[in-house]
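**Student:** One file is attached below, query-v2.txt, containing compact mmCIF, C-alpha atoms and all ligand atoms.
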```
# COMPACT_ATOMS: atom_id res chain seq x y z
CA MET A 1 92.53 74.02 69.74
CA MET A 2 89.59 76.19 68.73
CA PRO A 3 90.16 79.94 69.12
CA LYS A 4 88.10 81.39 71.93
CA SER A 5 85.20 83.48 70.83
CA SER A 6 85.52 87.15 71.78
CA ASN A 7 82.46 86.87 74.08
CA LEU A 8 83.97 83.98 76.00
CA LEU A 9 87.24 85.88 76.30
CA GLN A 10 85.38 88.91 77.67
CA THR A 11 83.57 86.79 80.22
CA GLU A 12 86.87 85.30 81.39
CA GLU A 13 88.51 88.70 81.59
CA SER A 14 85.54 90.11 83.42
CA ALA A 15 85.60 87.23 85.92
CA TYR A 16 89.34 87.69 86.37
CA LEU A 17 88.88 91.40 86.99
CA ASN A 18 86.18 90.76 89.54
CA ARG A 19 88.34 88.18 91.31
CA VAL A 20 91.50 90.28 91.43
CA PHE A 21 90.00 93.69 92.05
CA THR A 22 87.02 92.98 94.29
CA ASP A 23 88.50 94.76 97.31
CA ILE A 24 88.46 98.09 95.56
CA ASP A 25 86.35 100.78 97.10
CA GLN A 26 87.78 103.71 95.21
CA THR A 27 86.33 106.70 93.42
CA LEU A 28 87.30 107.49 89.86
CA MET A 29 86.54 110.87 88.31
CA LEU A 30 86.04 110.83 84.55
CA VAL A 31 86.68 114.12 82.80
CA GLY A 32 85.71 114.62 79.16
CA THR A 33 82.80 115.47 76.88
CA SER A 34 79.49 114.08 78.11
CA GLN A 35 79.59 111.48 75.32
CA SER A 36 83.04 110.22 76.29
CA THR A 37 82.36 110.13 80.05
CA GLN A 38 79.12 108.24 79.35
CA ASN A 39 81.03 105.61 77.35
CA LEU A 40 83.80 105.30 79.91
CA SER A 41 81.34 105.04 82.81
CA VAL A 42 80.10 101.75 81.39
CA THR A 43 83.65 100.38 81.51
CA PHE A 44 84.35 101.35 85.10
CA GLU A 45 81.11 101.36 87.03
CA LYS A 46 81.37 97.71 88.14
CA THR A 47 84.79 98.27 89.65
CA PHE A 48 84.85 101.85 90.94
CA ASN A 49 82.54 104.45 92.30
CA VAL A 50 82.40 106.73 89.23
CA VAL A 51 81.79 110.49 89.08
CA THR A 52 81.82 112.42 85.82
CA ALA A 53 82.77 115.99 84.95
CA SER A 54 82.47 117.86 81.67
CA ASN A 55 83.84 121.22 82.80
CA THR A 56 85.90 122.76 85.58
CA GLN A 57 82.76 123.67 87.59
CA ASP A 58 81.77 119.96 87.60
CA ILE A 59 85.28 119.08 88.77
CA PHE A 60 85.06 121.64 91.57
CA LYS A 61 81.59 120.40 92.65
CA ALA A 62 82.63 116.72 92.66
CA LEU A 63 85.66 117.56 94.75
CA GLY A 64 83.40 119.05 97.43
CA SER A 65 81.20 115.96 97.69
CA GLU A 66 83.50 113.03 96.89
CA ASN A 67 86.82 111.66 97.97
CA ILE A 68 88.47 111.25 94.56
CA ASP A 69 91.24 108.64 94.24
CA LEU A 70 92.16 109.18 90.60
CA ILE A 71 91.12 111.41 87.70
CA LEU A 72 90.95 110.02 84.16
CA VAL A 73 90.91 112.74 81.52
CA ASP A 74 89.78 111.78 78.02
CA THR A 75 91.20 114.00 75.27
CA ALA A 76 88.53 112.92 72.75
CA GLY A 77 86.22 115.50 71.22
CA ASP A 78 87.18 118.77 72.83
CA ASN A 79 90.79 119.86 72.67
CA GLU A 80 90.28 122.87 74.93
CA LEU A 81 88.44 120.93 77.65
CA TRP A 82 91.17 118.46 78.55
CA ILE A 83 93.92 121.08 78.55
CA GLU A 84 91.81 123.46 80.64
CA SER A 85 90.93 120.62 83.04
CA LEU A 86 94.57 119.62 83.52
CA ARG A 87 95.57 123.25 84.13
CA TYR A 88 92.73 123.63 86.63
CA ILE A 89 93.66 120.42 88.46
CA ARG A 90 97.30 121.44 88.65
CA SER A 91 96.50 124.90 90.01
CA SER A 92 94.15 123.64 92.73
CA SER A 93 96.00 122.85 95.94
CA LEU A 94 93.48 120.13 96.84
CA LEU A 95 93.21 118.55 93.42
CA ASN A 96 96.87 118.48 92.61
CA LEU A 97 97.36 115.75 95.21
CA ILE A 98 95.15 113.43 93.15
CA PRO A 99 96.85 111.39 90.40
CA VAL A 100 95.71 112.14 86.86
CA ILE A 101 95.84 109.75 83.90
CA VAL A 102 95.19 111.01 80.40
CA LEU A 103 93.52 108.87 77.78
CA SER A 104 94.69 110.03 74.38
CA GLU A 105 93.04 109.31 71.08
CA LYS A 106 95.63 110.75 68.75
CA ASN A 107 98.87 108.94 68.36
CA SER A 108 100.55 112.28 68.82
CA VAL A 109 103.78 112.60 70.78
CA TYR A 110 103.04 116.32 71.17
CA GLU A 111 99.67 115.61 72.82
CA GLN A 112 101.22 113.05 75.16
CA LEU A 113 104.07 115.39 76.09
CA THR A 114 101.56 118.19 76.75
CA ALA A 115 99.57 115.91 79.08
CA LEU A 116 102.70 114.84 80.97
CA GLU A 117 103.98 118.39 81.19
CA LEU A 118 100.62 119.52 82.61
CA GLY A 119 101.04 117.06 85.48
CA ALA A 120 99.51 113.78 84.24
CA LEU A 121 101.09 110.73 85.86
CA ASP A 122 100.74 108.79 82.61
CA CYS A 123 99.19 109.09 79.19
CA LEU A 124 97.54 105.94 77.80
CA LEU A 125 96.78 105.54 74.12
CA LYS A 126 93.46 104.45 72.64
CA PRO A 127 92.35 101.93 71.65
CA VAL A 128 92.91 100.25 74.97
CA ASN A 129 91.28 97.07 76.19
CA PRO A 130 88.70 98.12 78.86
CA PHE A 131 89.76 95.34 81.25
CA LEU A 132 93.41 96.25 80.96
CA LEU A 133 92.53 99.91 81.40
CA THR A 134 90.58 99.11 84.58
CA ALA A 135 93.44 97.00 85.93
CA LYS A 136 96.00 99.73 85.17
CA ILE A 137 93.88 102.39 86.83
CA SER A 138 93.39 100.19 89.84
CA ASN A 139 97.16 99.69 90.14
CA TYR A 140 97.80 103.43 89.84
CA MET A 141 95.24 104.02 92.60
CA LYS A 142 96.97 101.52 94.89
CA LEU A 143 100.37 102.94 94.10
CA MET A 144 99.30 106.50 94.82
CA LYS A 145 97.51 105.43 98.01
CA ASN A 146 100.79 103.92 99.21
CA VAL A 147 102.71 107.05 98.19
CA ARG A 148 100.21 109.25 100.09
CA GLU A 149 100.44 107.04 103.17
CA LEU A 150 104.24 107.18 103.07
CA GLU A 151 104.13 110.94 102.62
CA LEU A 152 101.82 111.21 105.63
CA VAL A 153 104.03 108.99 107.81
CA SER A 154 107.18 110.89 106.82
CA SER A 155 105.61 114.26 107.60
CA THR A 156 103.85 113.34 110.87
CA ASP A 157 105.14 113.12 114.42
CA GLY A 158 104.43 109.58 115.62
CA LEU A 159 103.62 110.47 119.23
CA THR A 160 101.25 113.42 118.82
CA GLY A 161 99.95 113.13 115.25
CA LEU A 162 100.97 116.74 114.58
CA ALA A 163 103.24 117.60 111.66
CA ASN A 164 106.93 116.95 112.29
CA LYS A 165 109.92 119.27 111.99
CA MET A 166 110.55 118.29 108.37
CA GLN A 167 107.00 119.26 107.40
CA LEU A 168 107.34 122.47 109.41
CA ASP A 169 110.36 123.49 107.29
CA THR A 170 108.41 122.86 104.08
CA THR A 171 105.30 124.67 105.31
CA LEU A 172 107.27 127.62 106.65
CA LEU A 173 108.80 128.13 103.22
CA SER A 174 105.45 127.99 101.41
CA GLU A 175 103.82 130.30 103.98
CA TRP A 176 106.73 132.72 103.55
CA HIS A 177 105.95 132.84 99.82
CA ARG A 178 102.23 133.19 100.57
CA MET A 179 102.98 136.16 102.84
CA ARG A 180 104.84 137.89 100.02
CA ARG A 181 102.00 137.23 97.56
CA SER A 182 99.13 138.10 99.89
CA LYS A 183 101.00 141.03 101.53
CA ARG A 184 99.54 139.93 104.87
CA PRO A 185 101.55 139.16 108.03
CA LEU A 186 102.74 135.74 109.14
CA CYS A 187 103.03 134.94 112.86
CA ALA A 188 104.68 132.06 114.72
CA LEU A 189 104.29 130.70 118.25
CA MET A 190 107.05 128.65 119.87
CA ILE A 191 105.51 126.66 122.73
CA ASP A 192 107.59 124.88 125.37
CA VAL A 193 106.18 122.77 128.21
CA ASP A 194 107.36 124.13 131.57
CA HIS A 195 109.55 122.03 133.87
CA PHE A 196 109.03 118.98 131.72
CA LYS A 197 112.22 117.32 132.94
CA LEU A 198 110.83 117.44 136.48
CA PHE A 199 107.53 116.02 135.19
CA ASN A 200 109.27 113.04 133.58
CA ASP A 201 111.37 112.50 136.68
CA ALA A 202 108.34 112.62 138.97
CA TYR A 203 105.75 110.68 136.93
CA GLY A 204 107.82 108.65 134.48
CA HIS A 205 108.49 108.86 130.77
CA LEU A 206 105.23 107.17 129.70
CA GLU A 207 103.16 109.64 131.67
CA GLY A 208 105.35 112.34 130.09
CA ASP A 209 104.36 111.06 126.64
CA GLU A 210 100.66 111.16 127.58
CA CYS A 211 101.13 114.72 128.78
CA LEU A 212 102.69 115.73 125.42
CA LYS A 213 99.73 114.14 123.61
CA SER A 214 97.28 116.19 125.71
CA VAL A 215 99.19 119.40 125.01
CA ALA A 216 99.20 118.55 121.29
CA GLU A 217 95.40 118.03 121.36
CA VAL A 218 94.92 121.51 122.81
CA ILE A 219 97.27 122.95 120.17
CA LYS A 220 95.25 121.21 117.43
CA HIS A 221 92.02 122.73 118.72
CA VAL A 222 93.19 126.31 119.13
CA THR A 223 94.35 126.45 115.51
CA GLY A 224 90.93 126.91 113.95
CA ARG A 225 91.58 128.25 110.44
CA ASP A 226 92.37 125.92 107.55
CA SER A 227 95.63 127.74 106.93
CA ASP A 228 96.81 127.52 110.57
CA PHE A 229 99.52 124.94 110.98
CA ALA A 230 100.86 123.16 114.08
CA ALA A 231 103.96 120.99 114.41
CA ARG A 232 106.00 119.25 117.07
CA PHE A 233 109.35 121.00 116.84
CA GLY A 234 111.09 118.35 118.91
CA GLY A 235 111.04 117.08 122.53
CA GLU A 236 108.55 119.17 124.49
CA GLU A 237 108.53 122.06 122.00
CA PHE A 238 105.77 122.87 119.52
CA VAL A 239 105.34 125.49 116.80
CA ILE A 240 102.22 127.11 115.40
CA LEU A 241 102.26 129.12 112.17
CA LEU A 242 99.45 131.63 111.68
CA PRO A 243 99.31 132.92 108.09
CA CYS A 244 97.48 136.17 107.28
CA THR A 245 97.27 136.96 111.00
CA GLU A 246 98.08 140.21 112.79
CA LYS A 247 100.20 140.21 115.96
CA SER A 248 97.06 140.87 118.03
CA GLY A 249 95.48 137.66 116.64
CA ALA A 250 98.59 135.66 117.53
CA GLU A 251 98.48 137.09 121.06
CA LYS A 252 94.86 135.93 121.41
CA ILE A 253 95.80 132.40 120.36
CA ALA A 254 98.75 132.42 122.78
CA GLN A 255 96.50 133.52 125.65
CA THR A 256 93.84 130.90 124.80
CA LEU A 257 96.54 128.25 124.72
CA LEU A 258 97.91 129.24 128.14
CA THR A 259 94.41 129.09 129.65
CA LYS A 260 93.47 125.77 128.03
CA ILE A 261 96.71 124.02 129.00
CA VAL A 262 96.27 124.98 132.66
CA ALA A 263 92.60 123.93 132.39
CA LEU A 264 93.79 120.38 131.62
CA LYS A 265 94.66 120.30 135.33
CA ILE A 266 97.65 118.03 134.79
CA PRO A 267 99.56 118.22 138.09
CA SER A 268 102.83 120.09 137.75
CA ALA A 269 105.98 118.53 139.20
CA SER A 270 107.39 121.95 140.05
CA LYS A 271 106.65 123.90 143.22
CA GLN A 272 106.29 127.01 141.07
CA HIS A 273 102.87 126.05 139.62
CA LYS A 274 99.99 123.81 140.68
CA PHE A 275 99.16 122.65 137.15
CA LEU A 276 101.24 121.95 134.10
CA SER A 277 101.80 125.03 131.96
CA VAL A 278 103.62 126.21 128.85
CA SER A 279 105.74 129.22 127.95
CA ILE A 280 105.16 130.80 124.56
CA GLY A 281 107.27 133.03 122.34
CA VAL A 282 105.37 134.97 119.67
CA SER A 283 106.95 136.41 116.53
CA SER A 284 105.42 138.26 113.65
CA CYS A 285 106.64 139.25 110.23
CA GLN A 286 105.18 141.89 107.92
CA PRO A 287 105.82 141.41 104.20
CA HIS A 288 107.67 144.74 103.94
CA ASP A 289 110.09 143.64 106.73
CA ILE A 290 111.47 140.95 104.46
CA ASP A 291 112.87 143.34 101.88
CA ALA A 292 113.69 146.13 104.32
CA GLN A 293 115.67 143.88 106.68
CA GLY A 294 116.65 141.08 104.31
CA ILE A 295 115.38 138.43 106.71
CA GLU A 296 114.93 134.73 105.93
CA PRO A 297 112.11 132.32 106.95
CA SER A 298 114.21 130.87 109.81
CA TRP A 299 114.17 134.34 111.42
CA LEU A 300 110.51 133.85 112.35
CA LEU A 301 111.29 130.75 114.44
CA GLU A 302 114.50 132.20 115.92
CA GLU A 303 112.57 135.26 117.05
CA ALA A 304 109.77 133.13 118.53
CA ASP A 305 112.40 131.01 120.31
CA LYS A 306 114.09 134.09 121.84
CA ASN A 307 110.72 135.34 123.06
CA MET A 308 109.88 131.93 124.48
CA TYR A 309 113.08 132.09 126.59
CA LYS A 310 112.02 135.54 127.79
CA ALA A 311 108.70 134.02 128.90
CA LYS A 312 110.64 131.34 130.81
CA GLN A 313 112.83 133.96 132.47
CA ASN A 314 109.81 136.06 133.39
CA GLY A 315 108.32 133.18 135.40
CA ARG A 316 106.79 130.75 132.79
CA ASN A 317 103.06 130.15 132.09
CA GLN A 318 102.98 133.28 129.89
CA TYR A 319 103.72 134.53 126.43
CA CYS A 320 106.23 137.15 125.29
CA LEU A 321 106.61 138.99 122.01
N1 LIG A 401 108.23 111.87 128.02
C1 LIG A 401 108.92 112.52 127.07
N2 LIG A 401 109.87 113.40 127.44
C2 LIG A 401 110.54 114.05 126.51
C3 LIG A 401 110.29 113.83 125.14
N3 LIG A 401 111.11 114.64 124.42
C4 LIG A 401 111.84 115.35 125.33
N4 LIG A 401 111.52 114.99 126.59
C5 LIG A 401 112.07 115.47 127.85
O1 LIG A 401 111.71 116.83 128.07
C6 LIG A 401 112.65 117.37 129.02
C7 LIG A 401 112.95 118.79 128.65
O2 LIG A 401 113.73 119.31 129.68
P1 LIG A 401 114.42 120.74 129.65
O3 LIG A 401 114.80 121.09 128.23
O4 LIG A 401 115.48 120.75 130.67
O5 LIG A 401 113.29 121.76 130.02
P2 LIG A 401 112.21 121.76 131.16
O6 LIG A 401 112.47 120.73 132.23
O7 LIG A 401 110.87 121.64 130.49
O8 LIG A 401 112.41 123.17 131.79
P3 LIG A 401 111.94 124.57 131.23
O9 LIG A 401 111.84 124.43 129.74
O10 LIG A 401 113.01 125.50 131.62
O11 LIG A 401 110.64 124.90 131.86
C8 LIG A 401 113.88 116.45 129.00
O12 LIG A 401 113.93 115.75 130.21
C9 LIG A 401 113.59 115.48 127.85
O13 LIG A 401 114.08 114.19 128.10
C10 LIG A 401 109.29 112.87 124.79
O14 LIG A 401 109.00 112.58 123.60
N5 LIG A 401 108.63 112.25 125.77
```
Translate this file's structure into structure tokens.
Ligand SMILES: Nc1nc2c(ncn2[C@@H]2O[C@H](COP(=O)(O)OP(=O)(O)OP(=O)(O)O)[C@@H](O)[C@H]2O)c(=O)[nH]1

**Tutor:**
Amino acid sequence: MMPKSSNLLQTEESAYLNRVFTDIDQTLMLVGTSQSTQNLSVTFEKTFNVVTASNTQDIFKALGSENIDLILVDTAGDNELWIESLRYIRSSSLLNLIPVIVLSEKNSVYEQLTALELGALDCLLKPVNPFLLTAKISNYMKLMKNVRELELVSSTDGLTGLANKMQLDTTLLSEWHRMRRSKRPLCALMIDVDHFKLFNDAYGHLEGDECLKSVAEVIKHVTGRDSDFAARFGGEEFVILLPCTEKSGAEKIAQTLLTKIVALKIPSASKQHKFLSVSIGVSSCQPHDIDAQGIEPSWLLEEADKNMYKAKQNGRNQYCL
């Protein structure tokens, strides 16, 4: 049989790529010198939406305007650029969720190890067939999309869409560290729906679930800052974390929450109140308290829980701190 000419082979590979990867609507960011990103763009532009970056400012700008699925960093040409880019990507809380592949020109174990140590998912060596490279990148994108979806499912409460208890534990720990770094207070709100057992008994469990969803929607909307965090703690209990917030700010949020929950006008099943309400415990921690009193992150929630029970004892539909 006659060997296939390289043109014919390329046409077949190209057709194969189009057939197998036509459903891809993903954005690839190419990072490298302008010469290298120009060359790579030609390889990828039929398959992906391509954005290019030749410095960290470009990376930052692209992040603001595009939803990036994968970053391909080419080490060719400028040794400082790729290392600086990887460091920048790793230090950015938004970017470090995006998988990074490094394309290395030197057959240098040291360079590959550096790339992997700086957070690259893989380091591919040049020369690499452009079709194979496209297929590999596409597979990495799919893999990471699945990983992100799994991460989201495992950290989200299925009923309300808020974060779940597991995610709360992780976030509480990172906010605790942030408080120490920023030297600004961290507050927590423990929110418990009043007489919810009576509500379920009177209106049924499904109606009870709808009620929890409505409460969760209000909680989502009162937490306005990017750093505010809300979770379903379990059952009819919710937690809000308010980083870099003074006690007075937490009180304001608690009061807004009380007003907005009653404004839902969900009929209460108890004779005590006309409309469904919540009781809220507020706790606050100053960075210097941690060292002075040797307290741990769980203290913040325990304190909020104690104060929530005080609010219940004082007649519900109120907050205590
Ligand atoms: N519909 C529904 N009910 C739930 C869910 N999780 C917990 N519950 C119910 O919430 C009720 C909580 O009851 P209790 O802890 O006695 O508290 P309460 O009736 O709200 O009374 P107070 O907290 O004292 O105001 C229980 O009946 C649980 O079964 C859920 O996901 N959906």

**Student:** Let me make sure I understand: among A:Ala202, A:Ile101, A:Val278, A:Ile219, which one has the smallest atom-to-atom distance to ligand LIG 401 (chain A) if we use all atoms listed in the file?

**Tutor:** A:Val278

**Student:** Give one line per residue of chain A that approaches ligand LIG 401 (chain A) to at most 9 Å, naming the two atoms of the closest pair and their distance in Å to one decimal, counting all atoms listed in the file; sort by chain then ascending residue number and deliver it as a Markdown table.

**Tutor:**
```
| residue | atom | partner | partner_atom | distance |
| --- | --- | --- | --- | --- |
| A:Leu159 | CA | A:LIG401 | O14 | 7.2 |
| A:Asp192 | CA | A:LIG401 | O9 | 6.1 |
| A:Val193 | CA | A:LIG401 | O7 | 5.3 |
| A:Asp194 | CA | A:LIG401 | O11 | 3.4 |
| A:His195 | CA | A:LIG401 | O6 | 3.6 |
| A:Phe196 | CA | A:LIG401 | O7 | 3.5 |
| A:Lys197 | CA | A:LIG401 | O6 | 3.5 |
| A:Leu198 | CA | A:LIG401 | O6 | 5.6 |
| A:Phe199 | CA | A:LIG401 | O6 | 7.4 |
| A:Asn200 | CA | A:LIG401 | N1 | 5.8 |
| A:Asp201 | CA | A:LIG401 | O12 | 7.7 |
| A:Gly204 | CA | A:LIG401 | N1 | 7.2 |
| A:His205 | CA | A:LIG401 | N1 | 4.1 |
| A:Leu206 | CA | A:LIG401 | N1 | 5.8 |
| A:Glu207 | CA | A:LIG401 | N1 | 6.6 |
| A:Gly208 | CA | A:LIG401 | N1 | 3.6 |
| A:Asp209 | CA | A:LIG401 | N1 | 4.2 |
| A:Glu210 | CA | A:LIG401 | N1 | 7.6 |
| A:Cys211 | CA | A:LIG401 | N1 | 7.7 |
| A:Leu212 | CA | A:LIG401 | N5 | 6.9 |
| A:Gly234 | CA | A:LIG401 | N3 | 6.6 |
| A:Gly235 | CA | A:LIG401 | N3 | 3.1 |
| A:Glu236 | CA | A:LIG401 | C4 | 5.1 |
| A:Glu237 | CA | A:LIG401 | C4 | 8.2 |
| A:Ser277 | CA | A:LIG401 | O11 | 8.8 |
| A:Val278 | CA | A:LIG401 | O11 | 7.7 |
| A:Ser279 | CA | A:LIG401 | O11 | 7.6 |
| A:Tyr309 | CA | A:LIG401 | O10 | 8.3 |
| A:Lys312 | CA | A:LIG401 | O10 | 6.4 |
| A:Gln313 | CA | A:LIG401 | O10 | 8.5 |
| A:Arg316 | CA | A:LIG401 | O11 | 7.1 |
```

**Student:** Which polymer residues have any atom within 12 Å of an atom of region 52-67 of chain A, counting all atoms listed in the file, with same-chain residues fewer than 3 positions away left out, as a ChimeraX atom specification?

**Tutor:** /A:25-42,44-45,49,70-78,80-98

**Student:** Counting only C-alpha atoms, which residue out of A:Leu162, A:Ala135, A:Cys285, A:Leu301 sits closest to Arg232 (chain A)?

**Tutor:**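 Nearest to Arg232 (chain A): A:Leu162.
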
**Student:** Between A:Gln318, A:Pro297, A:Thr259, A:Thr43, which has the minimum distance to Asn129 (chain A) (counting all atoms listed in the file)?

**Tutor:**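 Closest to Asn129 (chain A), using all atoms listed in the file: A:Thr43.
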
**Student:** What is the distance, in Å and to one decimal place, between CA of Glu246 (chain A) and CA of Pro185 (chain A)?

**Tutor:**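 Taking CA of Glu246 (chain A) as the start and CA of Pro185 (chain A) as the end point, the length is 6.0 Å.
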
**Student:** To one decimal place in Å, what is the distance between CA of Tyr140 (chain A) and CA of Lys106 (chain A)?

**Tutor:**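 Computed distance, CA of Tyr140 (chain A) to CA of Lys106 (chain A), equals 22.4 Å.
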
**Student:** Give me the residues within 12 Å of His221 (chain A) as an NGL selection string, counting all atoms listed in the file and dropping any in the same chain fewer than 4 places off.

**Tutor:** :A and (162 or 214-217 or 225-226 or 228-230 or 240 or 253 or 256-257 or 260-261)

**Student:** Let me make sure I understand: among A:Leu121, A:His177, A:Phe48, A:Leu189, which one has the smallest atom-to-atom distance to Thr134 (chain A) if we use all atoms listed in the file?

**Tutor:**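 Result for the nearest residue to Thr134 (chain A): A:Phe48.
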
**Student:** Separation of CA of Lys183 (chain A) and CA of Lys310 (chain A), in Å?

**Tutor:**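 Separating CA of Lys183 (chain A) from CA of Lys310 (chain A) is a distance of 29.0 Å.
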
**Student:** Between A:Tyr203, A:Phe238, A:Ile191, A:Val222, which residue has the minimum interatomic distance to Ile280 (chain A), considering only C-alpha atoms?

**Tutor:**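 Looking only at the distances to Ile280 (chain A), the closest residue turns out to be A:Ile191.
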
**Student:** Between A:Ser182, A:Thr156, A:Gln272, A:Asn307, which is the closest to Thr245 (chain A) once you count all atoms listed in the file?

**Tutor:** A:Ser182

**Student:** Taking all atoms of region 214-232 of chain A that the file lists and extending 6 Å past them on each side, where is the centre of the axis-aligned box and how long are its edges? Answer in Å to one decimal, as AutoDock Vina command-line options.

**Tutor:**
```
--center_x 98.5 --center_y 122.2 --center_z 116.3 --size_x 27.1 --size_y 24.1 --size_z 30.8
```

**Student:** Please list as a PyMOL selection string every residue within 12 Å of Val109 (chain A), counting only C-alpha atoms and excluding residues in the same chain fewer than 6 positions away.

**Tutor:** chain A and resi 115-117+123-125
